[in-house]
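**Student:** File target-v3.txt below, compact mmCIF, C-alpha atoms:
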# COMPACT_ATOMS: atom_id res chain seq x y z
CA MET H 1 0.00 0.00 0.00
CA SER H 2 1.33 3.46 -0.87
CA ASP H 3 2.03 5.98 1.86
CA ALA H 4 -0.74 8.23 0.51
CA SER H 5 -3.47 5.57 0.53
CA ARG H 6 -2.32 4.43 3.96
CA GLU H 7 -2.98 7.98 5.22
CA THR H 8 -6.26 8.71 3.47
CA GLY H 9 -7.83 5.28 2.95
CA THR H 10 -10.27 3.15 4.87
CA ILE H 11 -8.20 -0.04 4.83
CA LEU H 12 -6.49 -1.13 8.04
CA ASP H 13 -2.88 -1.86 7.08
CA PRO H 14 -0.58 -1.25 10.08
CA ARG H 15 3.00 -0.34 9.36
CA TRP H 16 4.67 -2.95 11.58
CA ASP H 17 8.22 -2.16 12.67
CA ASP H 18 11.15 -4.53 12.16
CA ARG H 19 9.97 -6.53 15.20
CA GLY H 20 6.41 -6.78 13.83
CA LEU H 21 5.05 -4.29 16.35
CA VAL H 22 3.14 -1.01 16.51
CA GLN H 23 3.15 1.35 19.47
CA THR H 24 -0.09 1.50 21.44
CA VAL H 25 -1.27 4.29 23.73
CA THR H 26 -4.02 3.28 26.14
CA THR H 27 -6.24 5.92 27.72
CA ASP H 28 -9.15 5.79 30.16
CA ALA H 29 -12.16 6.52 27.92
CA ALA H 30 -13.96 8.29 30.76
CA THR H 31 -11.19 10.59 31.97
CA GLY H 32 -8.75 10.82 29.06
CA GLU H 33 -5.87 9.88 31.34
CA VAL H 34 -3.01 8.07 29.61
CA LEU H 35 -2.83 4.74 31.43
CA MET H 36 0.09 3.04 29.70
CA VAL H 37 2.15 2.75 26.53
CA ALA H 38 2.73 -0.71 25.09
CA HIS H 39 2.98 -2.59 21.80
CA MET H 40 0.76 -4.84 19.72
CA ASN H 41 1.68 -7.34 17.05
CA ALA H 42 -0.82 -8.63 14.49
CA THR H 43 -2.02 -11.41 16.80
CA ALA H 44 -2.56 -9.03 19.73
CA LEU H 45 -4.46 -6.59 17.50
CA ALA H 46 -6.69 -9.36 16.15
CA ALA H 47 -7.36 -10.70 19.66
CA THR H 48 -8.19 -7.20 20.93
CA LEU H 49 -10.68 -6.66 18.11
CA ALA H 50 -12.17 -10.16 18.44
CA THR H 51 -12.61 -10.20 22.23
CA GLY H 52 -13.15 -6.53 23.09
CA GLU H 53 -10.42 -6.76 25.73
CA ALA H 54 -6.91 -5.30 25.43
CA HIS H 55 -4.18 -7.69 24.32
CA TYR H 56 -0.57 -6.57 23.89
CA TRP H 57 2.75 -8.09 22.91
CA SER H 58 5.05 -8.39 25.90
CA ARG H 59 8.56 -7.53 24.71
CA SER H 60 10.10 -8.74 27.97
CA ARG H 61 8.32 -12.09 28.00
CA GLN H 62 8.05 -12.40 24.19
CA GLU H 63 4.44 -13.54 24.36
CA ILE H 64 0.89 -12.35 23.88
CA TRP H 65 -0.24 -10.51 26.98
CA HIS H 66 -3.97 -10.52 27.71
CA LYS H 67 -4.02 -7.59 30.10
CA GLY H 68 -5.63 -8.59 33.39
CA ALA H 69 -5.80 -12.31 32.59
CA THR H 70 -4.10 -13.09 35.91
CA SER H 71 -4.64 -9.85 37.90
CA GLY H 72 -8.25 -9.30 36.91
CA ASN H 73 -7.36 -5.77 35.80
CA THR H 74 -8.72 -6.19 32.30
CA GLN H 75 -9.34 -3.30 29.92
CA ALA H 76 -12.64 -3.27 28.00
CA VAL H 77 -12.26 -1.70 24.57
CA VAL H 78 -14.39 1.40 23.99
CA GLU H 79 -12.68 2.50 20.78
CA LEU H 80 -9.51 1.74 18.84
CA ARG H 81 -7.99 4.45 16.63
CA ILE H 82 -4.96 4.51 14.33
CA ASP H 83 -2.69 7.37 13.32
CA CYS H 84 -1.96 8.92 9.93
CA ASP H 85 0.86 6.61 8.85
CA GLN H 86 -0.62 3.60 10.67
CA ASP H 87 2.34 2.93 12.94
CA ALA H 88 0.60 3.78 16.22
CA LEU H 89 -2.68 2.79 17.87
CA TRP H 90 -4.79 4.69 20.40
CA LEU H 91 -6.85 2.34 22.54
CA ARG H 92 -9.64 3.90 24.64
CA VAL H 93 -10.72 1.56 27.42
CA THR H 94 -12.78 1.11 30.54
CA PRO H 95 -10.25 -0.33 33.01
CA ALA H 96 -11.35 -2.89 35.60
CA GLY H 97 -8.46 -1.90 37.87
CA PRO H 98 -5.00 -0.33 37.91
CA ALA H 99 -3.08 -0.34 34.62
CA CYS H 100 0.35 -0.27 36.24
CA HIS H 101 2.15 -3.26 37.76
CA THR H 102 3.02 -0.96 40.70
CA GLY H 103 -0.67 -0.76 41.59
CA GLU H 104 -1.01 2.82 40.36
CA ARG H 105 -4.04 3.62 38.20
CA SER H 106 -1.75 4.92 35.45
CA CYS H 107 1.91 4.15 34.74
CA PHE H 108 2.43 7.93 34.44
CA TYR H 109 2.19 8.64 38.18
CA ARG H 110 5.07 11.14 38.23
CA ALA H 111 5.45 14.58 36.67
CA ILE H 112 8.77 16.14 35.70
CA ALA H 113 9.16 19.30 37.76
CA GLY H 114 10.86 22.51 36.65
CA ASP H 115 14.13 21.50 38.28
CA GLY H 116 14.11 18.14 36.44
CA SER H 117 13.16 16.07 39.48
CA LEU H 118 10.13 13.76 39.54
CA ALA H 119 7.08 14.44 41.70
CA ARG H 120 4.02 12.34 42.43
CA ASP H 121 0.75 14.17 42.63
CA MET Y 1 20.16 3.15 38.54
CA SER Y 2 18.34 0.00 39.66
CA ASP Y 3 14.98 -0.86 38.20
CA ALA Y 4 13.37 -0.38 41.62
CA SER Y 5 14.73 3.12 42.24
CA ARG Y 6 13.88 4.10 38.67
CA GLU Y 7 10.25 3.21 39.45
CA THR Y 8 9.92 4.73 42.89
CA GLY Y 9 12.48 7.52 42.94
CA THR Y 10 12.41 11.23 42.21
CA ILE Y 11 15.41 11.27 39.85
CA LEU Y 12 14.75 11.67 36.13
CA ASP Y 13 16.76 8.92 34.44
CA PRO Y 14 15.09 7.92 31.15
CA ARG Y 15 15.68 4.41 29.89
CA TRP Y 16 16.80 5.31 26.35
CA ASP Y 17 16.40 2.54 23.77
CA ASP Y 18 19.23 1.32 21.54
CA ARG Y 19 18.70 4.38 19.32
CA GLY Y 20 18.84 6.75 22.31
CA LEU Y 21 15.10 7.44 22.20
CA VAL Y 22 12.02 7.27 24.41
CA GLN Y 23 8.47 7.12 23.11
CA THR Y 24 6.41 10.26 23.66
CA VAL Y 25 2.62 10.55 23.73
CA THR Y 26 1.32 14.08 23.23
CA THR Y 27 -2.19 14.99 24.34
CA ASP Y 28 -4.23 18.20 24.26
CA ALA Y 29 -4.21 19.33 27.90
CA ALA Y 30 -7.68 20.86 27.57
CA THR Y 31 -9.51 17.96 25.90
CA GLY Y 32 -7.38 14.89 26.66
CA GLU Y 33 -7.29 13.98 22.96
CA VAL Y 34 -4.19 12.09 21.87
CA LEU Y 35 -2.64 14.34 19.23
CA MET Y 36 0.41 12.32 18.16
CA VAL Y 37 3.00 9.74 19.12
CA ALA Y 38 6.65 10.58 18.55
CA HIS Y 39 10.09 10.14 20.10
CA MET Y 40 12.52 12.26 22.09
CA ASN Y 41 16.24 11.89 22.57
CA ALA Y 42 18.14 13.56 25.42
CA THR Y 43 18.63 16.78 23.43
CA ALA Y 44 14.93 17.02 22.51
CA LEU Y 45 13.90 16.42 26.12
CA ALA Y 46 16.29 19.07 27.39
CA ALA Y 47 15.10 21.57 24.76
CA THR Y 48 11.46 20.85 25.62
CA LEU Y 49 12.09 21.48 29.32
CA ALA Y 50 14.23 24.58 28.67
CA THR Y 51 11.93 26.30 26.17
CA GLY Y 52 8.46 25.13 27.21
CA GLU Y 53 7.75 24.09 23.61
CA ALA Y 54 7.65 20.52 22.31
CA HIS Y 55 10.82 19.25 20.64
CA TYR Y 56 11.07 15.73 19.23
CA TRP Y 57 13.64 13.60 17.42
CA SER Y 58 12.66 13.06 13.80
CA ARG Y 59 13.54 9.48 12.92
CA SER Y 60 12.94 10.12 9.20
CA ARG Y 61 15.08 13.25 9.02
CA GLN Y 62 17.48 12.21 11.82
CA GLU Y 63 17.41 15.65 13.40
CA ILE Y 64 15.89 17.60 16.26
CA TRP Y 65 12.38 18.65 15.38
CA HIS Y 66 11.05 21.81 17.01
CA LYS Y 67 7.37 21.19 16.39
CA GLY Y 68 5.83 24.15 14.60
CA ALA Y 69 9.13 25.94 13.92
CA THR Y 70 8.20 26.25 10.24
CA SER Y 71 4.39 25.70 10.31
CA GLY Y 72 3.68 27.83 13.35
CA ASN Y 73 1.82 24.91 14.90
CA THR Y 74 3.86 24.89 18.08
CA GLN Y 75 2.88 23.00 21.22
CA ALA Y 76 3.19 24.82 24.55
CA VAL Y 77 4.07 22.46 27.38
CA VAL Y 78 1.51 22.28 30.18
CA GLU Y 79 2.96 19.21 31.89
CA LEU Y 80 5.46 16.47 31.16
CA ARG Y 81 5.03 13.09 32.86
CA ILE Y 82 7.07 9.87 32.75
CA ASP Y 83 6.02 6.27 33.19
CA CYS Y 84 6.98 3.67 35.78
CA ASP Y 85 10.10 2.29 34.06
CA GLN Y 86 10.99 5.66 32.52
CA ASP Y 87 10.89 4.54 28.90
CA ALA Y 88 7.87 6.63 27.85
CA LEU Y 89 6.88 10.28 28.23
CA TRP Y 90 3.42 11.84 28.34
CA LEU Y 91 3.47 15.43 27.15
CA ARG Y 92 0.35 17.55 27.83
CA VAL Y 93 0.26 20.62 25.61
CA THR Y 94 -1.73 23.59 24.40
CA PRO Y 95 -1.45 23.29 20.61
CA ALA Y 96 -1.25 26.43 18.45
CA GLY Y 97 -2.65 24.49 15.47
CA PRO Y 98 -3.06 21.02 13.98
CA ALA Y 99 -0.65 18.35 15.23
CA CYS Y 100 -0.82 16.25 12.07
CA HIS Y 101 1.04 16.98 8.83
CA THR Y 102 -2.26 16.18 7.03
CA GLY Y 103 -3.84 19.26 8.63
CA GLU Y 104 -5.96 17.21 11.03
CA ARG Y 105 -6.06 18.33 14.65
CA SER Y 106 -4.87 14.88 15.76
CA CYS Y 107 -2.97 12.20 13.84
CA PHE Y 108 -5.59 9.74 15.15
CA TYR Y 109 -8.39 10.91 12.84
CA ARG Y 110 -9.64 7.40 12.03
CA ALA Y 111 -11.29 4.73 14.18
CA ILE Y 112 -11.12 1.01 13.49
CA ALA Y 113 -14.69 -0.18 12.92
CA GLY Y 114 -16.10 -3.57 13.90
CA ASP Y 115 -15.47 -4.97 10.44
CA GLY Y 116 -11.81 -3.89 10.57
CA SER Y 117 -12.22 -0.97 8.17
CA LEU Y 118 -11.22 2.60 9.07
CA ALA Y 119 -13.76 5.40 9.53
CA ARG Y 120 -13.31 9.12 10.03
CA ASP Y 121 -15.63 10.77 12.46
Show me the file's structure as structure tokens.
**Tutor:**
Amino acid sequence: MSDASRETGTILDPRWDDRGLVQTVTTDAATGEVLMVAHMNATALAATLATGEAHYWSRSRQEIWHKGATSGNTQAVVELRIDCDQDALWLRVTPAGPACHTGERSCFYRAIAGDGSLARD
Amino acid sequence: MSDASRETGTILDPRWDDRGLVQTVTTDAATGEVLMVAHMNATALAATLATGEAHYWSRSRQEIWHKGATSGNTQAVVELRIDCDQDALWLRVTPAGPACHTGERSCFYRAIAGDGSLARD
């Protein structure tokens, strides 16, 4: 598919990177908060669309990661969007619990302050 | 820095990938809309913090990219956040114009429909 038709067309044709992945941003559909950033491969994307629950590709474990399969903190898909050149996904979800393995609601629990230090809010 | 102190500490110590980059999600601070996904290197991050305007690393042009420097569509930094393992940034901005090179407000102007096709809203 040409770059132009990938940008303007209605055909889903993700531009997988050299590892077969696209970046995925997951937000809380109700609040807009960015919960986490992860990756999907073709199998994870298909499983997410088929089941209505977020599936990712775990780069550390090198396996499909059904979010919440063990913790119960699943993410119900509200909407899945794709960017202009189809190399990034935006997944809007209703989370059943914390997104972060630390127990925080979002992985982005710290802001960078003016002096460059990190602060929780 | 250990993985544990990177997650719990107050010291900014990004986990740069093998290209010296971290993923960056940029949202509209007023609406929560995801505008774009890009990358920063250490220079782009420092310039963003120093100037209060979004700077990225352009992987296609292999150069620092001061967003809006030519188009006028700058992004004023409202807040910069970092995730648990410090390999992703969340940049909340007030955009002066469209984020996308197509002229769309956000690069994520298409949703993936139930049948797998793409639809603009």
**Student:** Tell me which protein, DNA and RNA residues are within 7 Å of region 32-49 of chain H, counting all atoms listed in the file, leaving out same-chain ones fewer than 3 positions away, and put them as a PyMOL selection string.
**Tutor:** (chain H and resi 20-29+52-57+64+99+105-108) or (chain Y and resi 32)
**Student:** Find the residues in chain Y near chain H: any atom within 6 Å counts, using all atoms listed in the file. Write them as number ranges by chain.
**Tutor:** Y: 10-12, 32, 80-84, 107-108, 110-112, 117-118
**Student:** What separation in Å, quoted to one decimal, exists between CA of Val78 (chain H) and CA of His66 (chain H)?
**Tutor:**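 Interatomic distance, CA of Val78 (chain H) to CA of His66 (chain H): 16.3 Å.
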**Student:** Of the candidates H:Asp121, H:Ala96, H:Ala69, H:Arg15, which one gets nearest to Ser2 (chain H) if we count only C-alpha atoms?
**Tutor:**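 Checking each candidate against Ser2 (chain H), we get H:Arg15 as the closest.
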**Student:** One decimal, in Å: what's the spacing between CA of Asp3 (chain H) and CA of Arg92 (chain H)?
**Tutor:** 25.7 Å
**Student:** Could you jot down the CA of Trp65 (chain Y) to CA of Ser5 (chain H) separation for me, Å, one decimal place?
**Tutor:**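 Distance reported for this atom pair: 25.4 Å.
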**Student:** Write region 43-54 of chain Y as an mmCIF file, in the frame of the given file, completed to all heavy atoms.
**Tutor:**
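And here is the file that came out, out_31.cif:
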data_model
loop_
_atom_site.group_PDB
_atom_site.id
_atom_site.type_symbol
_atom_site.label_atom_id
_atom_site.label_comp_id
_atom_site.auth_asym_id
_atom_site.auth_seq_id
_atom_site.Cartn_x
_atom_site.Cartn_y
_atom_site.Cartn_z
ATOM 1 N N THR Y 43 18.577 15.369 23.854
ATOM 2 C CA THR Y 43 18.630 16.780 23.430
ATOM 3 C C THR Y 43 17.223 17.345 23.284
ATOM 4 O O THR Y 43 16.946 18.479 23.697
ATOM 5 C CB THR Y 43 19.395 16.917 22.107
ATOM 6 O OG1 THR Y 43 20.679 16.315 22.257
ATOM 7 C CG2 THR Y 43 19.559 18.377 21.713
ATOM 8 N N ALA Y 44 16.315 16.562 22.692
ATOM 9 C CA ALA Y 44 14.930 17.020 22.510
ATOM 10 C C ALA Y 44 14.250 17.202 23.857
ATOM 11 O O ALA Y 44 13.499 18.177 24.062
ATOM 12 C CB ALA Y 44 14.156 16.013 21.656
ATOM 13 N N LEU Y 45 14.492 16.304 24.781
ATOM 14 C CA LEU Y 45 13.900 16.420 26.120
ATOM 15 C C LEU Y 45 14.417 17.670 26.818
ATOM 16 O O LEU Y 45 13.632 18.448 27.393
ATOM 17 C CB LEU Y 45 14.214 15.160 26.939
ATOM 18 C CG LEU Y 45 13.778 15.179 28.403
ATOM 19 C CD1 LEU Y 45 12.287 15.432 28.542
ATOM 20 C CD2 LEU Y 45 14.158 13.854 29.086
ATOM 21 N N ALA Y 46 15.711 17.896 26.748
ATOM 22 C CA ALA Y 46 16.290 19.070 27.390
ATOM 23 C C ALA Y 46 15.745 20.356 26.770
ATOM 24 O O ALA Y 46 15.431 21.319 27.483
ATOM 25 C CB ALA Y 46 17.822 19.031 27.285
ATOM 26 N N ALA Y 47 15.609 20.377 25.443
ATOM 27 C CA ALA Y 47 15.100 21.570 24.760
ATOM 28 C C ALA Y 47 13.640 21.809 25.112
ATOM 29 O O ALA Y 47 13.203 22.963 25.275
ATOM 30 C CB ALA Y 47 15.271 21.421 23.254
ATOM 31 N N THR Y 48 12.867 20.732 25.238
ATOM 32 C CA THR Y 48 11.460 20.850 25.620
ATOM 33 C C THR Y 48 11.331 21.460 27.018
ATOM 34 O O THR Y 48 10.526 22.370 27.244
ATOM 35 C CB THR Y 48 10.770 19.475 25.560
ATOM 36 O OG1 THR Y 48 10.840 18.978 24.221
ATOM 37 C CG2 THR Y 48 9.328 19.555 26.002
ATOM 38 N N LEU Y 49 12.145 20.971 27.947
ATOM 39 C CA LEU Y 49 12.090 21.480 29.320
ATOM 40 C C LEU Y 49 12.602 22.919 29.386
ATOM 41 O O LEU Y 49 12.066 23.751 30.124
ATOM 42 C CB LEU Y 49 12.927 20.583 30.249
ATOM 43 C CG LEU Y 49 12.351 19.182 30.501
ATOM 44 C CD1 LEU Y 49 13.364 18.314 31.252
ATOM 45 C CD2 LEU Y 49 11.048 19.268 31.299
ATOM 46 N N ALA Y 50 13.618 23.247 28.599
ATOM 47 C CA ALA Y 50 14.230 24.580 28.670
ATOM 48 C C ALA Y 50 13.361 25.650 28.026
ATOM 49 O O ALA Y 50 13.299 26.785 28.516
ATOM 50 C CB ALA Y 50 15.609 24.556 28.012
ATOM 51 N N THR Y 51 12.666 25.287 26.934
ATOM 52 C CA THR Y 51 11.930 26.300 26.170
ATOM 53 C C THR Y 51 10.443 26.324 26.456
ATOM 54 O O THR Y 51 9.762 27.294 26.123
ATOM 55 C CB THR Y 51 12.095 26.064 24.653
ATOM 56 O OG1 THR Y 51 11.447 24.816 24.315
ATOM 57 C CG2 THR Y 51 13.562 26.009 24.253
ATOM 58 N N GLY Y 52 9.905 25.216 27.009
ATOM 59 C CA GLY Y 52 8.460 25.130 27.210
ATOM 60 C C GLY Y 52 7.700 24.879 25.928
ATOM 61 O O GLY Y 52 6.475 25.011 25.894
ATOM 62 N N GLU Y 53 8.406 24.490 24.856
ATOM 63 C CA GLU Y 53 7.750 24.090 23.610
ATOM 64 C C GLU Y 53 8.247 22.712 23.196
ATOM 65 O O GLU Y 53 9.428 22.382 23.379
ATOM 66 C CB GLU Y 53 8.040 25.107 22.486
ATOM 67 C CG GLU Y 53 7.381 26.453 22.733
ATOM 68 C CD GLU Y 53 7.328 27.320 21.472
ATOM 69 O OE1 GLU Y 53 8.027 27.007 20.494
ATOM 70 O OE2 GLU Y 53 6.575 28.317 21.492
ATOM 71 N N ALA Y 54 7.332 21.914 22.618
ATOM 72 C CA ALA Y 54 7.650 20.520 22.310
ATOM 73 C C ALA Y 54 8.756 20.424 21.251
ATOM 74 O O ALA Y 54 8.679 21.061 20.198
ATOM 75 C CB ALA Y 54 6.403 19.808 21.809
#
